[in-house]
Structures are given as structure tokens and as C-alpha cells.
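K.L.:
Take this structure, written in C-alpha cells, and hold onto it; I'll ask about it next.
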Amino acid sequence: MKIERYQIEEHNTNLSQDHKRRFEFLAQDISRAEEIIQKLIKFQIAIPSWALGTGGTRFGRFSGGGEPGNLEEKMEDIGLLHQLNQSSGAISLHIPWDIPENAQAVKALAAQYGLRFDAMNSNTFQDQPGQKLSYKFGSMQHVDKAVRKQAVDHNIEVIKHGIELGSKSLTVWLSDGSCFPGQLNFRKAFENTLESLQEVYTALPDDWKVFVEYKAFEPNFYSTTVGDWGQSLLYANKLGPKAYTLVDLGHHLPNANIEQIVSLLLMEGKLGGFHFNDSKYGDDDLTAGSIKPYQLFLIFNELVAGMDAKGMDHATGLGWMIDASHNVKDPLEDLLQSVEAIMMAYAQALLVDTNALEYARQENDVVRCQEILQDAFRTDVRPLVAEARLRSNAAINPVQLFRELKVREKLIAERGLKTVATGL
């Protein structure tokens, strides 16, 4: 399926009068409106290949039909998203779920959809069909050297696929850890993991990065071998200049100050990128901005300030990606909502009066500091984000157009009602 240009234009024409009124009303109070719009146009968020099917829990999965059954169909879905919002111009693959059978053909298809390949993701948290050795008791931390070598070889294979597709980074998330006291020698597990990561690091091309992702718990519940940002930073520092920490917003214990974490990682030059989602209790993988929109804004406030302090390009300086598993929503609608929430938080952060905030800090004016941040957060920036889409030939209201065009119904007609996406 492909959305035609005239369909987007008709949609925008129908909404143009109301949009113009709302945009002009907002823009008259924002001196940097044009600058912000240009930054929004440039900002792109990668879509993970595994987020295009209905997610699930250990209790069940309820497919909505029309899900992509192979890599090519997943790219088609991301192409549809990108047509609707022009902010989803990258795809992140998970291997072995999405091994490209013909790399050149896949690259050509990506170019057709206006997509590039973001970080490649390895998988040593599952046993695959035909796999010789099991990861039940860990992969890179495993007491058996042969299991560790199998995990290392897999990551090197992922790098090779990424090189063929034009990717420039590898994300490593390890479920390694323990469920019970005494099960694991913490020091030896760390040393084994570091040794394994060093072998993978050696295989990286000169212009590549490796992102070490952390998670506080799950599927191991007593200890995790890369359990928090400090452990990830420790690995990254020991590995070398091509290694960075990756922050998944759901991979923290409740009430963690994520905005402080990203500020310090940026300061150290070791923040590699993001997996955006939202949570109420743990790693809920909910739609970005659906539960804690103020936290998302505060994170972006630190990102903008920290990147500006280092002269980094907002759009390319870090890796931006969604990582969600939606159980009750249409996956494509969920992704459209997440991208919108991320763009809104970014726009709000760009509104912060940084000079006034710094002056208030120097004066220890706590009330004024809060007012400055909340003034930006409480600004309805949806017209700014919509204007950026309009100028990019995307839809003013992507979710509305998705439904008007009956995209899901057409995908079901093409692929069937009983299809289940590969991967998760």
C-alpha cells in the first residue's frame, strides 16, 4: 500500500483554515518560531522493525490483523508512517528476526521509501531454532566460554549485516543476570561480559559506534549484569571511544531521575542514544508521552542544553529511536502518537528561555526556575509540530488521515486478518 500525494494534500486543504488560525496565534508569541520549525523538520526518529506488530505480555497477544510478515512489509509500514509525518525516516533492525536475504534489494527498497538504516540490534536473550547452545543462564556473562563465543559471533554477524545496509551502529542489550542470591559471581560475570564486549568492539568498523543498553530487572530479577547507567558507563569507558551508553526510558527503577542521568552522560561524552517509550510501573513499553509527558519534556530540556553546550547537531548527534510493545492499540497509530509526543517535547524544550533560567539559578530563585520550565511545557506546541509536517508535505493530522484512508483495513485486505508480525 502507498499513500498518494494528492490524498495528503486533500487532507491538508480540509484542515488548513483551522491550522492556520491556531499556528498564527501561537507563532505571534514565539520569536524563534521559524528556527524551531526548521529544527523539527530536520529531526528524525527511527522506527524499530519489531514495533510494527501487536505487542503482548506473557499472558497473551491479540493480533489486529494486517501485520507485516517479513522485512519488506515492515519497511512498507514504516514508509507509510514516514509519508504521514515525514519524521520517521529511519528503520532499526533486530537480528535474527530481520535478516536481509538480499542486502542490495533491501537498500534499494529503503531508498524508495526515503528510509535509512539506524542502529542494528543483536539478540542473545532468546534461543533461536537450531541454536547449538542455550542462553538460559546468560550469554556474554555465561560460565561456559563456548556460549560466550556464540554470543560474540552473533554480534559480529549483526555488524556485518549492518555494514551491507549502511548502518553505523550496534545496540547490545543483554538480559544476563541472576534470579537468586548465590547463583552468580558478580565480579566474574562482569569480567566475562567485558571480555565478550571487547571482542565485539574489535570487530567494529572505524566509523561505527556500539551502544551498551542497560536495564534494572527482567527477565532476571535479583541482579542484572548491565543493570543501570553506571554499569553501562563502566563498560563503555573500558571499551573505548566508540562505545556509548544507550538510555531506554523504561529500563529504570521507579522514580529514577532520568533527566539527571542523560545530563551527566552528555557531560562525559558517553550518551549514545535513546529508546523512547513510557511507563507507569516498570518496563511497560507504553506510547511515549502517554503517562509522564512532563518527564519527557524535562529529559529533552537537558538534552537540548547539553547538546548545545557541546555544539552537537540535535538531529544527528545522538541516536533517536522508539522502542515500544503495544498490546491494545493499532501498532501504526501508536507509533504515530509516539513520534508526535517526542516532537512536542523537543519543541517545548526549544522554547525554554535558557538565559532567564540560568539567571534565576544564579539568584537561587527556585520559584522562577520552575515557572520558566513550566511556561514552556504548558505551551501547546501542536501547531508548531503540525506546521513542520505541512512544510514537509506530510499530514497535518497523521492519525486522522490514517483512519480516513482506512490504512489498517487495506493492510488486512492485502495481508490477511490472521497475520502475525515476525520477531516479538
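Within each chain, counting starts at residue 1; across the C-alpha cells, chains are named A, B, ... in the order shown, with ligands numbered 1 upward in that order.
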Could you list, as a PyMOL selection string, every residue within 12 Å of Arg403 (chain A), counting only C-alpha atoms and ignoring same-chain residues fewer than 4 positions away?
P.N.:
chain A and resi 11+84+330+332-333+336+397-399+407-410
K.L.:
Keeping only all heavy atoms, write the selected residues to a file as an mmCIF file, in the first residue's frame.
P.N.:
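Contents of the output file selection_33.cif:
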```cif
data_model
loop_
_atom_site.group_PDB
_atom_site.id
_atom_site.type_symbol
_atom_site.label_atom_id
_atom_site.label_comp_id
_atom_site.auth_asym_id
_atom_site.auth_seq_id
_atom_site.Cartn_x
_atom_site.Cartn_y
_atom_site.Cartn_z
ATOM 1 N N HIS A 11 -6.320 16.198 2.442
ATOM 2 C CA HIS A 11 -6.442 16.215 3.904
ATOM 3 C C HIS A 11 -5.993 17.568 4.459
ATOM 4 O O HIS A 11 -6.693 18.185 5.286
ATOM 5 C CB HIS A 11 -5.602 15.083 4.491
ATOM 6 C CG HIS A 11 -5.341 15.197 5.958
ATOM 7 N ND1 HIS A 11 -6.219 14.751 6.918
ATOM 8 C CD2 HIS A 11 -4.268 15.724 6.640
ATOM 9 C CE1 HIS A 11 -5.714 14.985 8.111
ATOM 10 N NE2 HIS A 11 -4.539 15.564 7.973
ATOM 11 N N LEU A 84 3.136 9.878 6.284
ATOM 12 C CA LEU A 84 2.155 10.589 7.089
ATOM 13 C C LEU A 84 2.761 11.695 7.932
ATOM 14 O O LEU A 84 2.135 12.730 8.144
ATOM 15 C CB LEU A 84 1.413 9.599 7.996
ATOM 16 C CG LEU A 84 0.432 8.657 7.300
ATOM 17 C CD1 LEU A 84 0.028 7.524 8.224
ATOM 18 C CD2 LEU A 84 -0.803 9.433 6.831
ATOM 19 N N ASP A 330 -3.586 -0.185 17.702
ATOM 20 C CA ASP A 330 -3.034 -0.432 16.376
ATOM 21 C C ASP A 330 -1.570 0.016 16.416
ATOM 22 O O ASP A 330 -1.281 1.155 16.788
ATOM 23 C CB ASP A 330 -3.805 0.378 15.328
ATOM 24 C CG ASP A 330 -3.312 0.117 13.915
ATOM 25 O OD1 ASP A 330 -2.121 0.349 13.652
ATOM 26 O OD2 ASP A 330 -4.121 -0.288 13.074
ATOM 27 N N LEU A 332 0.601 0.959 14.230
ATOM 28 C CA LEU A 332 0.962 2.137 13.444
ATOM 29 C C LEU A 332 0.398 3.410 14.063
ATOM 30 O O LEU A 332 1.067 4.450 14.082
ATOM 31 C CB LEU A 332 0.484 1.975 12.000
ATOM 32 C CG LEU A 332 1.130 0.830 11.220
ATOM 33 C CD1 LEU A 332 0.624 0.798 9.778
ATOM 34 C CD2 LEU A 332 2.649 0.942 11.236
ATOM 35 N N GLU A 333 -0.804 3.350 14.585
ATOM 36 C CA GLU A 333 -1.348 4.523 15.265
ATOM 37 C C GLU A 333 -0.529 4.847 16.512
ATOM 38 O O GLU A 333 -0.274 6.023 16.815
ATOM 39 C CB GLU A 333 -2.816 4.283 15.637
ATOM 40 C CG GLU A 333 -3.751 4.253 14.446
ATOM 41 C CD GLU A 333 -5.209 4.187 14.856
ATOM 42 O OE1 GLU A 333 -5.503 3.822 16.011
ATOM 43 O OE2 GLU A 333 -6.074 4.515 14.011
ATOM 44 N N LEU A 336 2.621 6.603 15.454
ATOM 45 C CA LEU A 336 2.325 7.992 15.082
ATOM 46 C C LEU A 336 2.171 8.859 16.325
ATOM 47 O O LEU A 336 2.659 10.001 16.377
ATOM 48 C CB LEU A 336 1.058 8.058 14.234
ATOM 49 C CG LEU A 336 1.159 7.509 12.809
ATOM 50 C CD1 LEU A 336 -0.223 7.452 12.164
ATOM 51 C CD2 LEU A 336 2.099 8.361 11.954
ATOM 52 N N ASN A 397 -2.639 16.163 10.409
ATOM 53 C CA ASN A 397 -3.060 15.255 11.481
ATOM 54 C C ASN A 397 -2.876 13.819 10.997
ATOM 55 O O ASN A 397 -3.782 13.232 10.403
ATOM 56 C CB ASN A 397 -4.520 15.509 11.862
ATOM 57 C CG ASN A 397 -4.945 14.755 13.108
ATOM 58 O OD1 ASN A 397 -4.491 13.631 13.350
ATOM 59 N ND2 ASN A 397 -5.812 15.357 13.903
ATOM 60 N N PRO A 398 -1.715 13.224 11.255
ATOM 61 C CA PRO A 398 -1.413 11.889 10.709
ATOM 62 C C PRO A 398 -2.389 10.796 11.150
ATOM 63 O O PRO A 398 -2.788 9.963 10.335
ATOM 64 C CB PRO A 398 -0.003 11.610 11.231
ATOM 65 C CG PRO A 398 0.595 12.958 11.455
ATOM 66 C CD PRO A 398 -0.540 13.804 11.931
ATOM 67 N N VAL A 399 -2.765 10.765 12.428
ATOM 68 C CA VAL A 399 -3.672 9.723 12.901
ATOM 69 C C VAL A 399 -5.034 9.850 12.224
ATOM 70 O O VAL A 399 -5.645 8.848 11.807
ATOM 71 C CB VAL A 399 -3.823 9.770 14.436
ATOM 72 C CG1 VAL A 399 -4.903 8.806 14.897
ATOM 73 C CG2 VAL A 399 -2.495 9.434 15.112
ATOM 74 N N VAL A 407 -6.193 2.763 6.432
ATOM 75 C CA VAL A 407 -4.920 2.089 6.167
ATOM 76 C C VAL A 407 -4.922 0.672 6.733
ATOM 77 O O VAL A 407 -4.531 -0.288 6.058
ATOM 78 C CB VAL A 407 -3.749 2.911 6.734
ATOM 79 C CG1 VAL A 407 -2.441 2.127 6.607
ATOM 80 C CG2 VAL A 407 -3.634 4.247 6.006
ATOM 81 N N ARG A 408 -5.367 0.520 7.981
ATOM 82 C CA ARG A 408 -5.345 -0.814 8.582
ATOM 83 C C ARG A 408 -6.250 -1.774 7.820
ATOM 84 O O ARG A 408 -5.881 -2.926 7.569
ATOM 85 C CB ARG A 408 -5.754 -0.745 10.053
ATOM 86 C CG ARG A 408 -5.812 -2.088 10.770
ATOM 87 C CD ARG A 408 -4.494 -2.861 10.674
ATOM 88 N NE ARG A 408 -3.375 -2.122 11.244
ATOM 89 C CZ ARG A 408 -2.114 -2.503 11.156
ATOM 90 N NH1 ARG A 408 -1.796 -3.621 10.493
ATOM 91 N NH2 ARG A 408 -1.150 -1.781 11.698
ATOM 92 N N GLU A 409 -7.425 -1.312 7.443
ATOM 93 C CA GLU A 409 -8.349 -2.169 6.701
ATOM 94 C C GLU A 409 -7.738 -2.629 5.381
ATOM 95 O O GLU A 409 -7.880 -3.790 4.981
ATOM 96 C CB GLU A 409 -9.663 -1.440 6.439
ATOM 97 C CG GLU A 409 -10.527 -1.225 7.674
ATOM 98 C CD GLU A 409 -10.177 0.042 8.442
ATOM 99 O OE1 GLU A 409 -9.047 0.552 8.275
ATOM 100 O OE2 GLU A 409 -11.037 0.520 9.209
ATOM 101 N N LYS A 410 -7.003 -1.722 4.725
ATOM 102 C CA LYS A 410 -6.379 -2.081 3.450
ATOM 103 C C LYS A 410 -5.215 -3.051 3.660
ATOM 104 O O LYS A 410 -4.987 -3.947 2.829
ATOM 105 C CB LYS A 410 -5.924 -0.814 2.732
ATOM 106 C CG LYS A 410 -7.105 0.041 2.255
ATOM 107 C CD LYS A 410 -6.642 1.325 1.586
ATOM 108 C CE LYS A 410 -7.850 2.153 1.140
ATOM 109 N NZ LYS A 410 -7.455 3.447 0.540
#
```
K.L.:
Identify, on the basis of only C-alpha atoms, every residue whose closest approach to Asn185 (chain A) does not exceed 12 Å; exclude the query and any residue fewer than 2 positions from it along the same chain; express the result as a ChimeraX atom specification.
P.N.:
/A:141-143,177-178,180-183,187-192,223-225
K.L.:
Let's have the selection written as a compact mmCIF listing (two decimals), in the first residue's frame, with all heavy atoms.
P.N.:
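Output saved as result.txt:
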```
# COMPACT_ATOMS: atom_id res chain seq x y z
N GLN A 141 27.90 -13.26 29.73
CA GLN A 141 28.39 -13.50 31.08
C GLN A 141 28.58 -14.99 31.39
O GLN A 141 29.11 -15.35 32.43
CB GLN A 141 27.39 -12.96 32.10
CG GLN A 141 26.15 -13.87 32.24
CD GLN A 141 25.24 -13.53 33.37
OE1 GLN A 141 25.19 -12.39 33.82
NE2 GLN A 141 24.47 -14.50 33.85
N HIS A 142 28.15 -15.85 30.50
CA HIS A 142 28.00 -17.28 30.80
C HIS A 142 29.29 -17.91 31.31
O HIS A 142 30.40 -17.53 30.90
CB HIS A 142 27.54 -18.02 29.54
CG HIS A 142 26.79 -19.29 29.82
ND1 HIS A 142 27.43 -20.44 30.21
CD2 HIS A 142 25.47 -19.59 29.77
CE1 HIS A 142 26.53 -21.40 30.38
NE2 HIS A 142 25.32 -20.90 30.12
N VAL A 143 29.16 -18.86 32.20
CA VAL A 143 30.34 -19.55 32.74
C VAL A 143 31.04 -20.39 31.68
O VAL A 143 32.24 -20.70 31.81
CB VAL A 143 29.94 -20.44 33.95
CG1 VAL A 143 29.47 -19.59 35.11
CG2 VAL A 143 28.88 -21.47 33.55
N GLY A 177 22.03 -12.01 33.89
CA GLY A 177 21.92 -11.67 35.30
C GLY A 177 21.61 -12.92 36.10
O GLY A 177 21.97 -14.03 35.72
N SER A 178 20.94 -12.73 37.23
CA SER A 178 20.58 -13.87 38.07
C SER A 178 19.23 -13.62 38.73
O SER A 178 18.82 -12.46 38.90
CB SER A 178 21.65 -14.10 39.14
OG SER A 178 21.75 -12.99 40.02
N PHE A 180 18.44 -15.43 41.72
CA PHE A 180 18.52 -15.80 43.12
C PHE A 180 19.92 -15.51 43.68
O PHE A 180 20.92 -15.64 42.96
CB PHE A 180 18.20 -17.29 43.31
CG PHE A 180 16.82 -17.66 42.86
CD1 PHE A 180 16.60 -18.20 41.59
CD2 PHE A 180 15.72 -17.44 43.67
CE1 PHE A 180 15.33 -18.54 41.16
CE2 PHE A 180 14.45 -17.77 43.26
CZ PHE A 180 14.24 -18.31 42.00
N PRO A 181 20.00 -15.11 44.95
CA PRO A 181 21.30 -14.89 45.58
C PRO A 181 22.17 -16.15 45.51
O PRO A 181 21.68 -17.27 45.66
CB PRO A 181 20.93 -14.55 47.03
CG PRO A 181 19.54 -14.02 46.96
CD PRO A 181 18.88 -14.80 45.87
N GLY A 182 23.44 -15.93 45.26
CA GLY A 182 24.37 -17.04 45.19
C GLY A 182 24.48 -17.68 43.83
O GLY A 182 25.42 -18.44 43.57
N GLN A 183 23.54 -17.40 42.95
CA GLN A 183 23.53 -18.02 41.61
C GLN A 183 24.72 -17.57 40.78
O GLN A 183 25.22 -18.33 39.95
CB GLN A 183 22.22 -17.65 40.90
CG GLN A 183 22.11 -18.14 39.47
CD GLN A 183 20.86 -17.63 38.78
OE1 GLN A 183 19.89 -17.26 39.42
NE2 GLN A 183 20.88 -17.59 37.45
N ARG A 187 31.45 -10.43 40.12
CA ARG A 187 32.69 -9.93 39.53
C ARG A 187 33.05 -10.73 38.27
O ARG A 187 33.43 -10.15 37.24
CB ARG A 187 33.84 -9.99 40.54
CG ARG A 187 33.64 -9.09 41.76
CD ARG A 187 34.87 -9.11 42.67
NE ARG A 187 35.20 -10.47 43.12
CZ ARG A 187 34.61 -11.07 44.15
NH1 ARG A 187 33.65 -10.47 44.81
NH2 ARG A 187 34.99 -12.29 44.51
N LYS A 188 32.91 -12.05 38.38
CA LYS A 188 33.26 -12.88 37.23
C LYS A 188 32.28 -12.64 36.07
O LYS A 188 32.69 -12.61 34.90
CB LYS A 188 33.24 -14.35 37.63
CG LYS A 188 33.80 -15.29 36.56
CD LYS A 188 35.26 -15.00 36.28
CE LYS A 188 35.83 -15.98 35.28
NZ LYS A 188 37.24 -15.66 34.93
N ALA A 189 31.01 -12.43 36.39
CA ALA A 189 30.03 -12.15 35.34
C ALA A 189 30.38 -10.85 34.62
O ALA A 189 30.28 -10.76 33.39
CB ALA A 189 28.63 -12.06 35.94
N PHE A 190 30.79 -9.84 35.39
CA PHE A 190 31.19 -8.57 34.77
C PHE A 190 32.42 -8.76 33.89
O PHE A 190 32.47 -8.27 32.75
CB PHE A 190 31.47 -7.52 35.85
CG PHE A 190 31.82 -6.17 35.30
CD1 PHE A 190 30.85 -5.19 35.13
CD2 PHE A 190 33.12 -5.86 34.92
CE1 PHE A 190 31.16 -3.95 34.61
CE2 PHE A 190 33.45 -4.61 34.39
CZ PHE A 190 32.47 -3.66 34.24
N GLU A 191 33.40 -9.48 34.41
CA GLU A 191 34.64 -9.68 33.65
C GLU A 191 34.38 -10.48 32.36
O GLU A 191 34.93 -10.15 31.30
CB GLU A 191 35.66 -10.41 34.53
CG GLU A 191 36.19 -9.56 35.66
CD GLU A 191 36.97 -10.36 36.69
OE1 GLU A 191 36.95 -11.63 36.59
OE2 GLU A 191 37.57 -9.76 37.59
N ASN A 192 33.54 -11.51 32.44
CA ASN A 192 33.20 -12.28 31.24
C ASN A 192 32.49 -11.40 30.21
O ASN A 192 32.77 -11.49 29.01
CB ASN A 192 32.30 -13.45 31.62
CG ASN A 192 33.06 -14.58 32.29
OD1 ASN A 192 34.29 -14.62 32.25
ND2 ASN A 192 32.33 -15.50 32.91
N SER A 223 19.64 -9.85 40.02
CA SER A 223 20.72 -8.98 39.52
C SER A 223 20.70 -8.95 38.01
O SER A 223 20.26 -9.89 37.36
CB SER A 223 22.09 -9.49 40.01
OG SER A 223 22.46 -10.67 39.31
N THR A 224 21.17 -7.84 37.47
CA THR A 224 21.35 -7.71 36.02
C THR A 224 22.79 -7.28 35.78
O THR A 224 23.28 -6.36 36.45
CB THR A 224 20.38 -6.68 35.42
OG1 THR A 224 19.05 -7.02 35.83
CG2 THR A 224 20.46 -6.66 33.93
N THR A 225 23.46 -7.92 34.86
CA THR A 225 24.89 -7.69 34.65
C THR A 225 25.17 -6.34 34.01
O THR A 225 26.28 -5.82 34.14
CB THR A 225 25.49 -8.85 33.84
OG1 THR A 225 25.23 -10.07 34.55
CG2 THR A 225 26.99 -8.71 33.69
```
K.L.:
Using only C-alpha atoms, determine which residues lie at most 10 Å from Glu157 (chain A), disregarding the query and same-chain residues fewer than 3 positions distant; provide the list as a list in words.
P.N.:
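Returned residues: Ile95, Pro96, Ser122, Ala151, Val152, Asp153, His154, Lys160, His161, Gly162, Ile163, Val200 and Ala203 of chain A.
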K.L.:
Hey, what's within 10 Å of Gly282 (chain A) if we count only C-alpha atoms and toss same-chain stuff fewer than 3 positions away? As a list in words, please?
P.N.:
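Surrounding residues, per the criterion: Ala216, Phe217, Glu218, Leu249, Gly250, His251, His252, Leu253, Pro254, Asn255, Asp278, Ser279 and Asp285 of chain A.
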K.L.:
Mind writing the picked residues with all heavy atoms as a compact mmCIF listing (two decimals), in the first residue's frame?
P.N.:
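Once written, selection.txt looks like this:
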```txt
# COMPACT_ATOMS: atom_id res chain seq x y z
N ALA A 216 17.25 -2.42 34.64
CA ALA A 216 17.33 -2.71 36.07
C ALA A 216 16.90 -4.13 36.43
O ALA A 216 17.45 -4.74 37.35
CB ALA A 216 16.48 -1.70 36.85
N PHE A 217 15.93 -4.65 35.70
CA PHE A 217 15.45 -6.01 36.00
C PHE A 217 14.69 -6.54 34.80
O PHE A 217 14.36 -5.80 33.89
CB PHE A 217 14.52 -6.00 37.22
CG PHE A 217 13.21 -5.28 36.99
CD1 PHE A 217 12.08 -5.98 36.62
CD2 PHE A 217 13.12 -3.91 37.14
CE1 PHE A 217 10.87 -5.32 36.40
CE2 PHE A 217 11.93 -3.23 36.92
CZ PHE A 217 10.80 -3.94 36.55
N GLU A 218 14.42 -7.83 34.82
CA GLU A 218 13.62 -8.54 33.81
C GLU A 218 14.47 -8.87 32.58
O GLU A 218 15.03 -7.96 31.98
CB GLU A 218 12.39 -7.72 33.41
CG GLU A 218 11.36 -8.51 32.64
CD GLU A 218 10.18 -7.66 32.18
OE1 GLU A 218 10.42 -6.53 31.71
OE2 GLU A 218 9.04 -8.13 32.26
N LEU A 249 13.92 4.56 28.21
CA LEU A 249 13.18 5.25 29.27
C LEU A 249 12.47 4.29 30.22
O LEU A 249 12.16 4.67 31.35
CB LEU A 249 12.17 6.22 28.67
CG LEU A 249 12.74 7.35 27.80
CD1 LEU A 249 11.68 8.38 27.48
CD2 LEU A 249 13.93 8.02 28.48
N GLY A 250 12.24 3.05 29.81
CA GLY A 250 11.57 2.09 30.68
C GLY A 250 12.50 1.21 31.48
O GLY A 250 12.05 0.38 32.26
N HIS A 251 13.80 1.40 31.32
CA HIS A 251 14.76 0.48 31.92
C HIS A 251 15.35 0.98 33.23
O HIS A 251 16.53 0.76 33.52
CB HIS A 251 15.88 0.19 30.92
CG HIS A 251 15.47 -0.74 29.83
ND1 HIS A 251 16.35 -1.32 28.95
CD2 HIS A 251 14.24 -1.19 29.46
CE1 HIS A 251 15.69 -2.08 28.08
NE2 HIS A 251 14.41 -2.01 28.38
N HIS A 252 14.52 1.67 34.02
CA HIS A 252 14.97 2.20 35.30
C HIS A 252 14.03 1.74 36.41
O HIS A 252 12.89 1.36 36.16
CB HIS A 252 14.98 3.73 35.27
CG HIS A 252 15.79 4.31 34.16
ND1 HIS A 252 15.29 4.48 32.88
CD2 HIS A 252 17.08 4.74 34.12
CE1 HIS A 252 16.23 4.99 32.10
NE2 HIS A 252 17.32 5.16 32.83
N LEU A 253 14.51 1.81 37.63
CA LEU A 253 13.64 1.58 38.77
C LEU A 253 12.69 2.76 38.91
O LEU A 253 12.97 3.86 38.43
CB LEU A 253 14.47 1.39 40.04
CG LEU A 253 15.36 0.14 40.05
CD1 LEU A 253 16.23 0.12 41.30
CD2 LEU A 253 14.52 -1.13 39.97
N PRO A 254 11.53 2.57 39.54
CA PRO A 254 10.54 3.66 39.64
C PRO A 254 11.14 4.94 40.22
O PRO A 254 11.94 4.90 41.15
CB PRO A 254 9.48 3.06 40.59
CG PRO A 254 9.59 1.59 40.38
CD PRO A 254 11.05 1.32 40.15
N ASN A 255 10.73 6.05 39.63
CA ASN A 255 11.10 7.40 40.09
C ASN A 255 12.56 7.76 39.87
O ASN A 255 13.06 8.73 40.46
CB ASN A 255 10.74 7.59 41.57
CG ASN A 255 9.27 7.35 41.83
OD1 ASN A 255 8.41 7.81 41.08
ND2 ASN A 255 8.95 6.61 42.89
N ASP A 278 7.11 4.83 27.37
CA ASP A 278 6.64 5.40 28.62
C ASP A 278 6.21 4.27 29.54
O ASP A 278 6.02 3.13 29.11
CB ASP A 278 5.48 6.37 28.39
CG ASP A 278 5.46 7.50 29.42
OD1 ASP A 278 5.99 7.30 30.53
OD2 ASP A 278 4.90 8.57 29.13
N SER A 279 6.08 4.58 30.84
CA SER A 279 5.75 3.53 31.79
C SER A 279 5.05 4.10 33.01
O SER A 279 5.23 5.27 33.36
CB SER A 279 7.02 2.80 32.23
OG SER A 279 7.87 3.67 32.96
N ASP A 285 6.65 -0.24 28.27
CA ASP A 285 6.70 -0.03 26.81
C ASP A 285 5.43 0.60 26.27
O ASP A 285 4.91 0.18 25.22
CB ASP A 285 6.99 -1.35 26.08
CG ASP A 285 8.48 -1.62 25.96
OD1 ASP A 285 9.26 -0.72 26.29
OD2 ASP A 285 8.86 -2.72 25.54
```
K.L.:
If you count only C-alpha atoms, which residues fall within 12 Å of Leu239 (chain A), apart from same-chain ones fewer than 5 positions away, as a VMD selection string?
P.N.:
chain A and resid 193 to 202 204 209 to 212 232 to 234 244 to 245 270
K.L.:
Those residues with C-alpha atoms, as a PDB file, in the first residue's frame please?
P.N.:
```
ATOM      1  CA  THR A 193      30.802  -9.706  29.801  1.00  0.00           C
ATOM      2  CA  LEU A 194      33.539  -7.115  29.373  1.00  0.00           C
ATOM      3  CA  GLU A 195      35.806  -9.643  27.660  1.00  0.00           C
ATOM      4  CA  SER A 196      32.976 -10.573  25.283  1.00  0.00           C
ATOM      5  CA  LEU A 197      32.136  -6.954  24.534  1.00  0.00           C
ATOM      6  CA  GLN A 198      35.809  -6.228  23.850  1.00  0.00           C
ATOM      7  CA  GLU A 199      35.822  -8.918  21.164  1.00  0.00           C
ATOM      8  CA  VAL A 200      32.742  -7.344  19.567  1.00  0.00           C
ATOM      9  CA  TYR A 201      34.273  -3.874  19.885  1.00  0.00           C
ATOM     10  CA  THR A 202      37.364  -5.050  17.991  1.00  0.00           C
ATOM     11  CA  LEU A 204      33.559  -2.581  14.770  1.00  0.00           C
ATOM     12  CA  LYS A 209      29.533   3.094  17.434  1.00  0.00           C
ATOM     13  CA  VAL A 210      28.373   0.458  19.898  1.00  0.00           C
ATOM     14  CA  PHE A 211      25.581   1.324  22.328  1.00  0.00           C
ATOM     15  CA  VAL A 212      25.557  -0.600  25.610  1.00  0.00           C
ATOM     16  CA  SER A 232      26.831   0.678  31.244  1.00  0.00           C
ATOM     17  CA  LEU A 233      29.139   3.691  31.519  1.00  0.00           C
ATOM     18  CA  LEU A 234      31.761   1.483  33.175  1.00  0.00           C
ATOM     19  CA  TYR A 244      28.428   4.690  24.447  1.00  0.00           C
ATOM     20  CA  THR A 245      25.543   4.225  26.859  1.00  0.00           C
ATOM     21  CA  LYS A 270      29.145   8.972  26.588  1.00  0.00           C
TER      22      LYS A 270
END
```
K.L.:
Counting only C-alpha atoms, which of A:Trp229, A:Tyr235, A:Trp173, A:Tyr281 gets nearest to Val262 (chain A)?
P.N.:
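Counting only C-alpha atoms, the residue closest to Val262 (chain A) is A:Trp229.
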K.L.:
Can you pull out every residue within 8 Å of Pro48 (chain A), counting only C-alpha atoms, but drop anything in the same chain fewer than 6 positions away, and send it as a VMD selection string?
P.N.:
chain A and resid 91 to 94 321 to 323
K.L.:
Store the residues of this selection in a file with N, CA, C and O atoms, as an mmCIF file, in the first residue's frame.
P.N.:
```
data_model
loop_
_atom_site.group_PDB
_atom_site.id
_atom_site.type_symbol
_atom_site.label_atom_id
_atom_site.label_comp_id
_atom_site.auth_asym_id
_atom_site.auth_seq_id
_atom_site.Cartn_x
_atom_site.Cartn_y
_atom_site.Cartn_z
ATOM 1 N N ILE A 91 14.923 3.142 9.962
ATOM 2 C CA ILE A 91 14.465 1.860 10.476
ATOM 3 C C ILE A 91 15.608 1.203 11.231
ATOM 4 O O ILE A 91 16.767 1.268 10.821
ATOM 5 N N SER A 92 15.274 0.594 12.354
ATOM 6 C CA SER A 92 16.255 -0.125 13.158
ATOM 7 C C SER A 92 15.899 -1.608 13.137
ATOM 8 O O SER A 92 14.784 -1.978 13.484
ATOM 9 N N LEU A 93 16.841 -2.437 12.714
ATOM 10 C CA LEU A 93 16.581 -3.864 12.544
ATOM 11 C C LEU A 93 17.056 -4.683 13.737
ATOM 12 O O LEU A 93 18.030 -4.337 14.403
ATOM 13 N N HIS A 94 16.344 -5.776 13.983
ATOM 14 C CA HIS A 94 16.709 -6.734 15.017
ATOM 15 C C HIS A 94 17.079 -8.043 14.331
ATOM 16 O O HIS A 94 16.288 -8.592 13.566
ATOM 17 N N MET A 321 15.374 6.688 18.774
ATOM 18 C CA MET A 321 14.570 5.552 18.331
ATOM 19 C C MET A 321 13.459 5.243 19.317
ATOM 20 O O MET A 321 13.620 5.446 20.522
ATOM 21 N N ILE A 322 12.348 4.795 18.802
ATOM 22 C CA ILE A 322 11.243 4.318 19.631
ATOM 23 C C ILE A 322 11.464 2.832 19.928
ATOM 24 O O ILE A 322 11.960 2.087 19.080
ATOM 25 N N ASP A 323 11.119 2.430 21.135
ATOM 26 C CA ASP A 323 11.121 1.008 21.477
ATOM 27 C C ASP A 323 9.876 0.751 22.322
ATOM 28 O O ASP A 323 9.872 1.011 23.522
#
```
K.L.:
I need the residue nearest Glu404 (chain A) from this list: A:Gln7, A:Phe186, A:Met1, A:Ala146. Use only C-alpha atoms for the distance.
P.N.:
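Going through A:Gln7, A:Phe186, A:Met1, A:Ala146 one by one, the smallest distance to Glu404 (chain A) is for A:Gln7.
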K.L.:
Which of region 25-108 of chain A counts as strand (DSSP E or B) under DSSP, as a list in words please?
P.N.:
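Selecting the strand (DSSP E or B) positions of region 25-108 of chain A gives Ala46, Ile47, Pro48, Gly56, Thr57, Gly60, Arg61, Ala90, Ile91, Ser92 and His94 of chain A.
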K.L.:
Could you give me, as a ChimeraX atom specification, the residues within 10 Å of Arg22 (chain A), counting only C-alpha atoms and dropping anything in the same chain fewer than 5 positions from it?
P.N.:
/A:16-17,27,380-384
K.L.:
Which residue, A:Gly289, A:Gly89, A:Pro241, A:Gly306, has the smallest gap to Thr354 (chain A) when you use only C-alpha atoms?
P.N.:
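Closest to Thr354 (chain A), using only C-alpha atoms: A:Gly306.
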K.L.:
With distances taken over only C-alpha atoms, which of A:Asp248, A:Glu358, A:Glu9, A:Asp77 is nearest to Leu401 (chain A)?
P.N.:
A:Glu9
